[in-house]
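As provided, final-v8.cif (mmCIF, C-alpha atoms) reads as follows.
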data_work
loop_
_atom_site.label_atom_id
_atom_site.label_comp_id
_atom_site.auth_asym_id
_atom_site.auth_seq_id
_atom_site.Cartn_x
_atom_site.Cartn_y
_atom_site.Cartn_z
CA MET L 1 -11.38 -22.21 0.71
CA ASP L 2 -11.88 -20.28 3.92
CA VAL L 3 -9.20 -17.64 3.28
CA LYS L 4 -9.08 -16.38 6.86
CA GLN L 5 -8.55 -19.88 8.23
CA TYR L 6 -6.04 -20.73 5.50
CA MET L 7 -3.96 -17.61 6.13
CA ALA L 8 -3.99 -18.17 9.90
CA GLY L 9 -2.57 -21.65 9.27
CA VAL L 10 0.10 -20.23 6.99
CA GLY L 11 0.98 -17.62 9.61
CA GLN L 12 1.24 -20.19 12.40
CA GLN L 13 3.55 -22.36 10.32
CA ALA L 14 5.68 -19.36 9.36
CA ARG L 15 6.06 -18.25 12.97
CA ALA L 16 7.16 -21.75 14.02
CA ALA L 17 9.56 -21.98 11.06
CA SER L 18 11.03 -18.55 11.87
CA ARG L 19 12.34 -19.86 15.19
CA ALA L 20 14.12 -22.72 13.44
CA MET L 21 15.53 -20.37 10.80
CA ALA L 22 16.82 -17.91 13.40
CA SER L 23 18.93 -20.67 14.96
CA ALA L 24 20.04 -22.28 11.67
CA ASP L 25 23.75 -22.11 10.96
CA SER L 26 25.22 -20.58 7.82
CA GLY L 27 26.12 -23.96 6.37
CA ALA L 28 22.53 -25.21 6.43
CA LYS L 29 21.19 -21.98 4.91
CA ASN L 30 23.82 -22.07 2.16
CA ARG L 31 23.06 -25.72 1.40
CA ALA L 32 19.40 -24.82 1.00
CA LEU L 33 20.26 -22.06 -1.46
CA ILE L 34 22.62 -24.20 -3.54
CA ALA L 35 20.17 -27.11 -3.56
CA THR L 36 17.37 -24.78 -4.69
CA ALA L 37 19.56 -23.52 -7.53
CA GLU L 38 20.23 -27.12 -8.57
CA PHE L 39 16.53 -28.00 -8.50
CA ILE L 40 15.72 -24.92 -10.63
CA GLU L 41 18.41 -25.96 -13.13
CA ALA L 42 16.94 -29.47 -13.29
CA SER L 43 13.38 -28.11 -13.63
CA ARG L 44 13.89 -25.68 -16.53
CA ALA L 45 11.37 -27.42 -18.77
CA GLU L 46 8.73 -27.51 -16.03
CA LEU L 47 9.29 -23.83 -15.21
CA ILE L 48 8.96 -22.76 -18.85
CA ALA L 49 5.82 -24.88 -19.27
CA ALA L 50 4.23 -23.41 -16.14
CA ASN L 51 5.14 -19.90 -17.26
CA GLU L 52 3.61 -20.46 -20.69
CA LYS L 53 0.29 -21.21 -18.99
CA ASP L 54 0.51 -17.83 -17.25
CA MET L 55 1.61 -16.05 -20.43
CA ALA L 56 -1.25 -17.55 -22.43
CA ALA L 57 -3.75 -16.49 -19.77
CA GLY L 58 -2.18 -13.03 -19.65
CA ARG L 59 -2.46 -12.55 -23.39
CA ALA L 60 -6.06 -13.78 -23.32
CA ASN L 61 -6.86 -11.33 -20.52
CA GLY L 62 -5.30 -8.42 -22.40
CA LEU L 63 -2.28 -7.73 -20.16
CA ASP L 64 -0.32 -4.82 -21.59
CA PRO L 65 3.14 -5.45 -23.09
CA ALA L 66 5.03 -4.09 -20.04
CA LEU L 67 3.27 -6.52 -17.70
CA LEU L 68 3.74 -9.42 -20.12
CA ASP L 69 7.46 -8.60 -20.23
CA ARG L 70 7.64 -8.70 -16.43
CA LEU L 71 5.72 -11.98 -16.37
CA ALA L 72 7.88 -13.84 -18.89
CA LEU L 73 10.36 -16.50 -17.79
CA ASN L 74 13.01 -17.34 -20.36
CA ALA L 75 16.40 -19.04 -20.28
CA ASP L 76 18.21 -15.82 -19.34
CA ARG L 77 15.87 -15.08 -16.42
CA ILE L 78 16.14 -18.64 -15.14
CA ASP L 79 19.93 -18.24 -15.36
CA GLY L 80 19.53 -15.05 -13.35
CA MET L 81 17.56 -16.82 -10.63
CA ILE L 82 20.21 -19.54 -10.38
CA GLU L 83 23.06 -17.01 -10.31
CA GLY L 84 21.25 -14.96 -7.67
CA LEU L 85 20.80 -17.98 -5.39
CA GLN L 86 24.44 -18.96 -5.81
CA GLN L 87 25.64 -15.42 -5.14
CA VAL L 88 23.56 -15.06 -1.97
CA ALA L 89 25.06 -18.35 -0.74
CA THR L 90 28.55 -16.79 -1.03
CA LEU L 91 27.66 -13.61 0.86
CA PRO L 92 28.67 -13.20 4.51
CA ASP L 93 25.92 -14.22 6.92
CA PRO L 94 24.92 -11.14 8.93
CA VAL L 95 23.07 -13.09 11.62
CA GLY L 96 24.87 -13.22 14.95
CA GLU L 97 27.40 -10.56 14.00
CA ILE L 98 28.38 -8.53 17.08
CA SER L 99 29.61 -4.96 16.64
CA ASP L 100 30.38 -1.79 18.58
CA MET L 101 31.44 -3.62 21.77
CA SER L 102 32.78 -1.22 24.36
CA PHE L 103 33.50 -1.16 28.09
CA ARG L 104 31.35 1.14 30.17
CA PRO L 105 32.58 2.84 33.37
CA SER L 106 30.64 0.24 35.38
CA GLY L 107 32.79 -2.52 33.87
CA ILE L 108 30.11 -4.12 31.69
CA GLN L 109 30.62 -4.51 27.94
CA VAL L 110 27.82 -3.24 25.67
CA GLY L 111 27.42 -3.96 21.97
CA LYS L 112 24.94 -4.90 19.27
CA MET L 113 24.08 -8.25 17.69
CA ARG L 114 22.43 -8.57 14.27
CA VAL L 115 19.30 -10.75 14.33
CA PRO L 116 16.56 -11.78 11.85
CA LEU L 117 13.34 -9.77 11.67
CA GLY L 118 11.24 -12.95 12.02
CA VAL L 119 8.46 -13.49 9.46
CA ILE L 120 8.47 -11.34 6.33
CA GLY L 121 5.38 -11.10 4.15
CA ILE L 122 6.09 -10.15 0.54
CA ILE L 123 3.37 -9.13 -1.92
CA TYR L 124 4.39 -8.76 -5.55
CA GLU L 125 2.98 -8.68 -9.05
CA SER L 126 3.92 -10.22 -12.38
CA ARG L 127 7.60 -11.09 -11.99
CA PRO L 128 7.92 -14.78 -11.00
CA ASN L 129 11.70 -14.53 -10.55
CA VAL L 130 10.94 -12.42 -7.46
CA THR L 131 9.85 -15.68 -5.81
CA ALA L 132 13.40 -17.05 -5.93
CA GLU L 133 15.05 -13.68 -5.18
CA ALA L 134 12.92 -12.97 -2.12
CA ALA L 135 13.18 -16.51 -0.80
CA SER L 136 16.97 -16.54 -1.11
CA LEU L 137 17.43 -13.37 0.93
CA CYS L 138 14.95 -14.44 3.59
CA ILE L 139 16.62 -17.85 3.94
CA LYS L 140 20.14 -16.42 4.21
CA SER L 141 19.07 -13.75 6.70
CA GLY L 142 17.43 -16.37 8.91
CA ASN L 143 13.84 -15.28 8.34
CA ALA L 144 10.71 -17.19 7.40
CA THR L 145 8.66 -15.69 4.59
CA ILE L 146 5.15 -15.73 3.20
CA LEU L 147 5.10 -14.89 -0.51
CA ARG L 148 1.95 -13.73 -2.25
CA GLY L 149 2.58 -13.37 -5.97
CA GLY L 150 0.17 -11.93 -8.50
CA SER L 151 -2.65 -14.13 -9.75
CA GLU L 152 -1.28 -13.75 -13.27
CA ALA L 153 1.86 -15.71 -12.26
CA ILE L 154 0.26 -18.42 -10.12
CA HIS L 155 1.57 -21.41 -12.14
CA SER L 156 5.11 -20.01 -12.44
CA ASN L 157 5.30 -19.13 -8.75
CA GLN L 158 4.11 -22.53 -7.60
CA ALA L 159 6.64 -24.28 -9.86
CA ILE L 160 9.47 -22.19 -8.38
CA ALA L 161 8.08 -22.73 -4.87
CA GLU L 162 8.37 -26.49 -5.32
CA CYS L 163 12.09 -26.09 -6.09
CA ILE L 164 12.52 -23.99 -2.95
CA ARG L 165 10.68 -26.49 -0.74
CA ARG L 166 12.89 -29.29 -2.05
CA GLY L 167 16.00 -27.17 -1.42
CA LEU L 168 15.00 -26.45 2.18
CA ALA L 169 14.24 -30.12 2.82
CA GLU L 170 17.59 -31.12 1.32
CA ALA L 171 19.32 -28.91 3.91
CA GLY L 172 17.22 -30.15 6.83
CA LEU L 173 15.36 -26.87 7.22
CA PRO L 174 11.56 -26.57 7.56
CA LYS L 175 9.80 -26.45 4.20
CA THR L 176 7.36 -23.97 5.71
CA ALA L 177 10.16 -21.41 6.04
CA VAL L 178 9.10 -20.28 2.54
CA GLN L 179 5.39 -20.47 1.78
CA VAL L 180 3.90 -19.26 -1.51
CA ILE L 181 0.20 -18.51 -1.12
CA GLU L 182 -1.80 -20.97 -3.20
CA THR L 183 -4.98 -18.93 -3.58
CA THR L 184 -5.49 -16.03 -6.01
CA ASP L 185 -8.23 -14.60 -3.77
CA ARG L 186 -7.32 -11.00 -3.01
CA ALA L 187 -8.67 -11.43 0.50
CA ALA L 188 -5.40 -13.25 1.27
CA VAL L 189 -3.56 -9.92 1.03
CA GLY L 190 -5.95 -8.31 3.49
CA GLU L 191 -5.36 -11.12 5.95
CA MET L 192 -1.57 -11.10 5.58
CA ILE L 193 -1.17 -7.40 6.26
CA THR L 194 -3.32 -7.55 9.39
CA MET L 195 -1.65 -10.50 11.16
CA PRO L 196 0.95 -8.87 13.46
CA GLU L 197 0.88 -11.97 15.65
CA TYR L 198 2.39 -13.95 12.76
CA VAL L 199 4.01 -11.39 10.42
CA ASP L 200 6.70 -8.88 11.47
CA VAL L 201 7.30 -6.93 8.24
CA ILE L 202 5.42 -6.51 4.95
CA VAL L 203 7.21 -5.71 1.68
CA PRO L 204 4.85 -4.76 -1.17
CA ARG L 205 6.39 -4.94 -4.66
CA GLY L 206 4.01 -3.83 -7.36
CA GLY L 207 1.94 -0.99 -8.69
CA LYS L 208 1.16 2.21 -6.86
CA GLY L 209 -2.39 1.07 -6.09
CA LEU L 210 -1.16 -2.06 -4.31
CA ILE L 211 1.45 -0.19 -2.28
CA GLU L 212 -0.97 2.57 -1.28
CA ARG L 213 -3.52 -0.02 -0.16
CA VAL L 214 -0.94 -1.94 1.88
CA SER L 215 0.44 1.25 3.45
CA ARG L 216 -3.08 2.38 4.38
CA ASP L 217 -4.47 -0.89 5.75
CA ALA L 218 -1.46 -2.75 7.18
CA LYS L 219 -1.18 -3.40 10.91
CA VAL L 220 2.38 -4.56 10.31
CA THR L 221 5.50 -2.48 9.56
CA VAL L 222 5.86 -1.83 5.80
CA ILE L 223 9.08 -1.44 3.75
CA LYS L 224 8.13 0.18 0.45
CA HIS L 225 8.51 2.59 -2.42
CA LEU L 226 5.53 4.06 -4.24
CA ASP L 227 6.96 5.18 -7.60
CA GLY L 228 10.15 5.07 -9.61
CA ILE L 229 10.23 8.56 -11.10
CA CYS L 230 13.94 8.50 -11.96
CA HIS L 231 15.92 11.35 -13.54
CA VAL L 232 19.05 11.70 -15.62
CA TYR L 233 20.54 15.20 -15.58
CA ILE L 234 23.03 15.98 -18.37
CA ASP L 235 25.26 18.80 -17.16
CA ASP L 236 26.81 21.32 -19.56
CA LYS L 237 30.20 19.87 -18.56
CA ALA L 238 29.20 16.36 -19.56
CA ASP L 239 31.03 14.16 -22.04
CA ILE L 240 28.45 13.96 -24.84
CA ASP L 241 29.21 10.35 -25.80
CA LYS L 242 28.91 9.24 -22.17
CA ALA L 243 25.71 11.24 -21.75
CA VAL L 244 24.08 9.69 -24.81
CA ALA L 245 24.98 6.15 -23.74
CA ILE L 246 23.77 6.68 -20.16
CA ALA L 247 20.50 8.36 -21.13
CA VAL L 248 19.63 5.77 -23.76
CA ASN L 249 20.46 2.86 -21.46
CA SER L 250 18.58 4.40 -18.53
CA LYS L 251 15.40 4.57 -20.63
CA THR L 252 15.49 1.76 -23.16
CA GLN L 253 17.38 -1.14 -21.54
CA ARG L 254 14.00 -2.11 -20.02
CA TYR L 255 10.86 0.01 -19.90
CA GLY L 256 8.84 -1.67 -17.17
CA THR L 257 11.17 -1.37 -14.18
CA CYS L 258 11.18 1.05 -11.25
CA ASN L 259 14.77 2.20 -11.98
CA THR L 260 14.05 3.21 -15.58
CA MET L 261 14.51 6.92 -16.36
CA GLU L 262 11.20 8.75 -16.78
CA THR L 263 12.45 12.37 -17.00
CA LEU L 264 15.54 13.63 -18.83
CA LEU L 265 16.95 17.00 -17.71
CA ILE L 266 19.44 18.76 -19.98
CA ALA L 267 21.48 21.87 -19.18
CA ALA L 268 20.69 24.71 -21.57
CA GLY L 269 24.36 25.13 -22.47
CA ILE L 270 24.54 21.67 -24.04
CA ALA L 271 20.95 21.13 -25.18
CA ASN L 272 21.41 22.27 -28.79
CA ASP L 273 24.30 19.82 -29.22
CA ILE L 274 22.87 16.73 -27.56
CA LEU L 275 19.08 16.89 -27.77
CA PRO L 276 18.76 16.29 -31.54
CA ARG L 277 21.14 13.33 -31.29
CA LEU L 278 19.24 11.80 -28.39
CA ALA L 279 15.85 12.42 -29.98
CA ALA L 280 16.93 10.59 -33.15
CA ILE L 281 17.97 7.51 -31.13
CA PHE L 282 14.87 7.51 -28.93
CA THR L 283 12.59 7.96 -31.96
CA GLU L 284 14.29 5.07 -33.75
CA LYS L 285 13.63 2.91 -30.69
CA GLY L 286 9.96 3.90 -30.62
CA VAL L 287 10.05 6.15 -27.55
CA GLU L 288 7.40 8.86 -27.42
CA LEU L 289 9.03 12.17 -26.45
CA ARG L 290 7.27 14.94 -24.52
CA GLY L 291 9.15 18.20 -24.10
CA CYS L 292 9.04 21.50 -22.26
CA GLU L 293 8.82 24.81 -24.10
CA LYS L 294 12.61 25.19 -24.34
CA SER L 295 13.17 21.68 -25.64
CA ARG L 296 10.40 22.16 -28.21
CA ALA L 297 12.11 25.33 -29.38
CA ILE L 298 15.02 23.07 -30.38
CA LEU L 299 12.84 20.20 -31.67
CA PRO L 300 9.35 21.45 -32.61
CA ASP L 301 8.13 17.91 -33.34
CA LEU L 302 8.21 16.96 -29.64
CA LEU L 303 4.83 16.50 -27.99
CA VAL L 304 3.97 19.03 -25.28
CA ALA L 305 4.94 17.98 -21.74
CA VAL L 306 2.39 19.06 -19.14
CA GLU L 307 2.75 19.33 -15.35
CA GLU L 308 1.49 15.78 -14.84
CA ASP L 309 4.35 14.38 -16.94
CA TRP L 310 6.96 15.46 -14.40
CA MET L 311 5.26 13.33 -11.72
CA THR L 312 4.41 10.27 -13.82
CA GLU L 313 6.06 6.84 -13.75
CA TYR L 314 5.31 5.69 -17.29
CA LEU L 315 6.76 2.14 -17.19
CA ALA L 316 6.47 2.43 -20.97
CA PRO L 317 8.38 3.88 -23.98
CA ILE L 318 7.47 7.46 -23.06
CA LEU L 319 9.98 10.08 -21.90
CA SER L 320 9.53 13.62 -20.63
CA ILE L 321 12.34 16.10 -21.39
CA LYS L 322 13.12 19.42 -19.75
CA VAL L 323 15.85 21.93 -20.53
CA VAL L 324 17.09 23.56 -17.30
CA ALA L 325 19.39 26.50 -16.67
CA GLY L 326 21.96 24.39 -14.86
CA LEU L 327 22.69 22.32 -11.77
CA ASP L 328 20.65 24.44 -9.34
CA GLN L 329 17.47 24.14 -11.37
CA ALA L 330 18.09 20.44 -12.02
CA ILE L 331 18.40 19.70 -8.27
CA GLU L 332 15.34 21.83 -7.54
CA HIS L 333 13.30 19.95 -10.16
CA ILE L 334 14.42 16.53 -8.94
CA ASN L 335 13.72 17.27 -5.28
CA SER L 336 10.30 18.66 -6.25
CA TYR L 337 9.14 15.82 -8.53
CA SER L 338 11.35 12.83 -7.75
CA SER L 339 9.92 9.81 -5.92
CA GLN L 340 13.28 9.62 -4.09
CA HIS L 341 14.19 6.41 -5.91
CA THR L 342 17.18 6.92 -8.26
CA ASP L 343 18.69 9.98 -9.92
CA THR L 344 21.95 10.45 -11.81
CA ILE L 345 24.12 13.31 -13.09
CA VAL L 346 26.35 13.12 -16.14
CA THR L 347 29.25 15.54 -15.73
CA GLU L 348 33.02 15.76 -15.90
CA ASP L 349 33.04 18.37 -13.12
CA TYR L 350 33.97 16.64 -9.85
CA ASN L 351 32.61 19.40 -7.62
CA ARG L 352 29.24 19.44 -9.38
CA GLY L 353 29.01 15.68 -9.10
CA ARG L 354 29.76 15.78 -5.38
CA ARG L 355 27.18 18.50 -4.87
CA PHE L 356 24.58 16.44 -6.73
CA LEU L 357 25.33 13.49 -4.42
CA ARG L 358 24.89 15.65 -1.32
CA GLU L 359 21.81 17.61 -2.31
CA VAL L 360 19.60 15.17 -4.21
CA ASP L 361 17.40 13.45 -1.63
CA SER L 362 16.94 9.98 -3.13
CA SER L 363 17.71 6.45 -2.00
CA SER L 364 20.27 6.02 -4.84
CA VAL L 365 22.19 8.99 -6.29
CA MET L 366 24.74 8.44 -9.06
CA ILE L 367 27.44 10.13 -11.10
CA ASN L 368 28.03 9.08 -14.72
CA ALA L 369 26.07 5.82 -14.48
CA SER L 370 22.76 4.50 -15.75
CA THR L 371 19.82 4.54 -13.35
CA ARG L 372 19.34 0.87 -14.27
CA PHE L 373 22.17 -0.01 -11.87
CA ALA L 374 19.89 0.72 -8.86
CA ASP L 375 19.40 -2.94 -8.14
CA GLY L 376 20.41 -5.31 -5.35
CA PHE L 377 22.18 -7.70 -7.71
CA GLU L 378 24.20 -4.88 -9.30
CA TYR L 379 25.03 -3.48 -5.84
CA GLY L 380 26.51 -6.81 -4.79
CA LEU L 381 23.64 -7.71 -2.45
CA GLY L 382 22.96 -10.92 -4.35
CA ALA L 383 19.29 -10.39 -4.95
CA GLU L 384 17.03 -7.76 -3.47
CA ILE L 385 13.77 -7.96 -1.58
CA GLY L 386 12.75 -4.60 -3.04
CA ILE L 387 13.64 -0.93 -3.06
CA SER L 388 12.92 1.24 -0.05
CA THR L 389 12.48 4.99 -0.29
CA ASP L 390 11.66 5.19 3.43
CA LYS L 391 14.16 6.98 5.66
CA ILE L 392 14.26 4.59 8.60
CA HIS L 393 15.76 1.11 8.90
CA ALA L 394 16.45 0.17 5.25
CA ARG L 395 16.83 2.60 2.33
CA GLY L 396 17.56 1.79 -1.32
CA PRO L 397 17.87 -1.84 -2.48
CA VAL L 398 17.06 -4.05 0.51
CA GLY L 399 19.40 -7.01 0.85
CA LEU L 400 20.50 -9.23 3.72
CA GLU L 401 21.34 -6.48 6.19
CA GLY L 402 18.01 -4.76 5.51
CA LEU L 403 16.23 -7.97 6.52
CA THR L 404 17.88 -7.99 9.94
CA SER L 405 17.69 -5.79 13.00
CA GLN L 406 20.01 -5.29 15.93
CA LYS L 407 19.60 -5.95 19.60
CA TYR L 408 21.82 -4.78 22.43
CA VAL L 409 23.97 -7.39 24.14
CA VAL L 410 25.62 -6.90 27.51
CA LEU L 411 28.53 -8.93 28.92
CA GLY L 412 29.19 -8.86 32.64
CA ASP L 413 30.86 -10.91 35.33
CA GLY L 414 28.64 -10.52 38.35
CA HIS L 415 28.25 -6.79 37.82
CA ILE L 416 25.45 -5.04 39.75
CA ARG L 417 24.30 -1.47 39.39
CA GLN L 418 25.27 0.79 42.28
#

Could I get this structure in the form of structure tokens?
Amino acid sequence: MDVKQYMAGVGQQARAASRAMASADSGAKNRALIATAEFIEASRAELIAANEKDMAAGRANGLDPALLDRLALNADRIDGMIEGLQQVATLPDPVGEISDMSFRPSGIQVGKMRVPLGVIGIIYESRPNVTAEAASLCIKSGNATILRGGSEAIHSNQAIAECIRRGLAEAGLPKTAVQVIETTDRAAVGEMITMPEYVDVIVPRGGKGLIERVSRDAKVTVIKHLDGICHVYIDDKADIDKAVAIAVNSKTQRYGTCNTMETLLIAAGIANDILPRLAAIFTEKGVELRGCEKSRAILPDLLVAVEEDWMTEYLAPILSIKVVAGLDQAIEHINSYSSQHTDTIVTEDYNRGRRFLREVDSSSVMINASTRFADGFEYGLGAEIGISTDKIHARGPVGLEGLTSQKYVVLGDGHIRQ
């Protein structure tokens, strides 16, 4: 395969399809989503069989357990794909929405209309359910998309892509509105991120190396986050039972996700009461604990946490722990080491919680809730295209609105400028 020629063809088809998608009505887009969900339901056996090919290859190639977990498709994850498609179909369509209309002194009316971005290129690793999630949001927001999944999930992604193509055709929309790259050649990524004539936005979802490469080499706007170094801070006015539940869930509900807690901060005033209890639970669950000097004074068996631990996204059953003087030091630590993804405080003090919300500079900041809630589905966005820690356009989980832009619209009646 001539990758350059292949990708140019994909780009041309995507650009043509984007024009049809931009003018598609909500009914057609919703029919495509519902039909895709029905085809996925009817294709469960085929999806599992395709995924087992990828899993077998992954095990043979020595993929680590975290990546194998992300790669796996089971009944629950297929249910999640179906539910996500159905939920996106029920969401309000942002395209064409006009807001902020006002009369100007000249007599014209000025406002803004929400419009699709155009063609969105999405590069992701391991998780095949991203194929359905990303496609659903792009379809509903009136965009065309080019999806380049990881080579380790090629069979799973192509099986899901077939369901999406059938869903689009069922609704009378172009099948090329969602294209899943068929080659595992890494040169395809290089082509995709340097085709501004065909691609309007790139969303990389994967490891730090991938995102750094895309950010460095892309000639197209990038929506991204580099790391998920997420913190839970347990305040000395926390409810201990709540704190234990939140900390354990934030770390152990799933290890290989970007919204998993990687650093636990505990106020010195409560550390002696809660740290031994937490350590016992984490140890029972097989989590390796690395502590600062103060936390090791309470639990000498903790491994030593070094400077690098505070800036590491483990994506594994490893947790760094630091005892801090209080809220000021916790905020200072988070703003120094956080990747600006997700951070939470556990406290019963309303004023401290509000201050944490104001002063922690992350895309999701929480009070008394697990970091694992930082997710488009949990936020009511249906599915998410990814998490953005950028500070322009979209920030946090990127759903339908994040995949649209706004243009000014002007209404006149023969008005001319004097």

Hey, which of L:Cys163, L:Ala22, L:Ile123, L:Val409 ends up closest to Ile193 in chain L? Count all atoms listed in the file. L:Ile123

Around (18.4, 7.6, -21.5) in the file's own coordinates, what residues are found within 10 Å if you use all atoms listed in the file, given back as a list of chain:residue names?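 The residues that fall inside the cut-off are L:His231, L:Val232, L:Tyr233, L:Ala243, L:Val244, L:Ala245, L:Ile246, L:Ala247, L:Val248, L:Asn249, L:Ser250, L:Lys251, L:Thr252, L:Gln253, L:Thr260, L:Met261, L:Glu262, L:Thr263, L:Leu264, L:Leu278, L:Ile281, L:Phe282, L:Leu319, L:Ser370, L:Thr371, L:Arg372.
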
Translate the PyMOL selection byres ((chain L and resi 226) around 7) into a concrete residue list for this structure, as a list of chain:residue names. L:Lys208, L:Ile211, L:Lys224, L:His225, L:Asp227

Find, counting all atoms listed in the file, the residue in L:Cys138, L:Ala218, L:Ala161, L:Ile345 that gets nearest to Asp239 in chain L.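 Selected residue with least distance to Asp239 in chain L: L:Ile345.
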
Proximity to Ala280 in chain L - best of L:Glu293, L:Asp301, L:Asp64, L:Asp200, all atoms listed in the file: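 Looking at the shortest contact to Ala280 in chain L, the residue is L:Asp301.
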
Pick from L:Ser363, L:Ser151, L:Ser106, L:Gln87, whichever lies nearest to Ile416 in chain L using all atoms listed in the file: L:Ser106

Counting all atoms listed in the file, write as a PyMOL selection string all protein and nucleic acid residues lying at most 8 Å from (21.4, 19.1, -23.9) in the file's frame. chain L and resi 234-236+265-275+323

Which is closest to Leu327 in chain L among L:Gly27, L:Gly286, L:Gly228, L:Gly353, if we use all atoms listed in the file?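 Ranked by minimum distance to Leu327 in chain L, first place goes to L:Gly353.
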
Could you add the missing atoms to range 251-257 of chain L, up to all heavy atoms, and return them as a short mmCIF file (atom, residue, chain, number, x, y, z; two decimals), in the coordinates of the input?
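This went into selection.cif:
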data_model
loop_
_atom_site.label_atom_id
_atom_site.label_comp_id
_atom_site.auth_asym_id
_atom_site.auth_seq_id
_atom_site.Cartn_x
_atom_site.Cartn_y
_atom_site.Cartn_z
N LYS L 251 16.80 4.63 -20.19
CA LYS L 251 15.40 4.57 -20.63
C LYS L 251 15.05 3.28 -21.35
O LYS L 251 13.98 2.71 -21.12
CB LYS L 251 15.08 5.77 -21.54
CG LYS L 251 13.60 5.80 -21.97
CD LYS L 251 12.69 5.94 -20.76
CE LYS L 251 11.24 5.71 -21.09
NZ LYS L 251 10.37 5.77 -19.89
N THR L 252 15.91 2.80 -22.22
CA THR L 252 15.49 1.76 -23.16
C THR L 252 15.99 0.35 -22.83
O THR L 252 15.58 -0.60 -23.49
CB THR L 252 15.93 2.11 -24.59
OG1 THR L 252 17.37 2.05 -24.70
CG2 THR L 252 15.45 3.49 -24.99
N GLN L 253 16.89 0.20 -21.83
CA GLN L 253 17.38 -1.14 -21.54
C GLN L 253 16.23 -2.05 -21.11
O GLN L 253 16.15 -3.20 -21.48
CB GLN L 253 18.46 -1.07 -20.45
CG GLN L 253 19.40 -2.28 -20.42
CD GLN L 253 18.97 -3.31 -19.39
OE1 GLN L 253 18.24 -3.00 -18.46
NE2 GLN L 253 19.46 -4.53 -19.54
N ARG L 254 15.29 -1.49 -20.30
CA ARG L 254 14.00 -2.11 -20.02
C ARG L 254 13.04 -1.00 -19.65
O ARG L 254 13.39 -0.09 -18.90
CB ARG L 254 14.07 -3.15 -18.89
CG ARG L 254 14.57 -4.50 -19.33
CD ARG L 254 14.48 -5.53 -18.21
NE ARG L 254 13.12 -5.93 -17.93
CZ ARG L 254 12.76 -6.69 -16.89
NH1 ARG L 254 13.68 -7.11 -16.04
NH2 ARG L 254 11.51 -7.03 -16.71
N TYR L 255 11.82 -1.07 -20.15
CA TYR L 255 10.86 0.01 -19.90
C TYR L 255 10.05 -0.18 -18.62
O TYR L 255 9.64 0.79 -17.99
CB TYR L 255 9.88 0.13 -21.09
CG TYR L 255 10.54 0.57 -22.37
CD1 TYR L 255 10.58 -0.28 -23.47
CD2 TYR L 255 11.13 1.82 -22.48
CE1 TYR L 255 11.19 0.11 -24.65
CE2 TYR L 255 11.75 2.23 -23.65
CZ TYR L 255 11.77 1.37 -24.74
OH TYR L 255 12.38 1.76 -25.91
N GLY L 256 9.80 -1.43 -18.23
CA GLY L 256 8.84 -1.67 -17.17
C GLY L 256 9.42 -1.85 -15.79
O GLY L 256 8.85 -2.56 -14.96
N THR L 257 10.54 -1.21 -15.48
CA THR L 257 11.17 -1.37 -14.18
C THR L 257 11.18 -0.05 -13.42
O THR L 257 11.15 1.03 -14.01
CB THR L 257 12.63 -1.89 -14.31
OG1 THR L 257 13.38 -0.94 -15.08
CG2 THR L 257 12.65 -3.24 -15.01
#
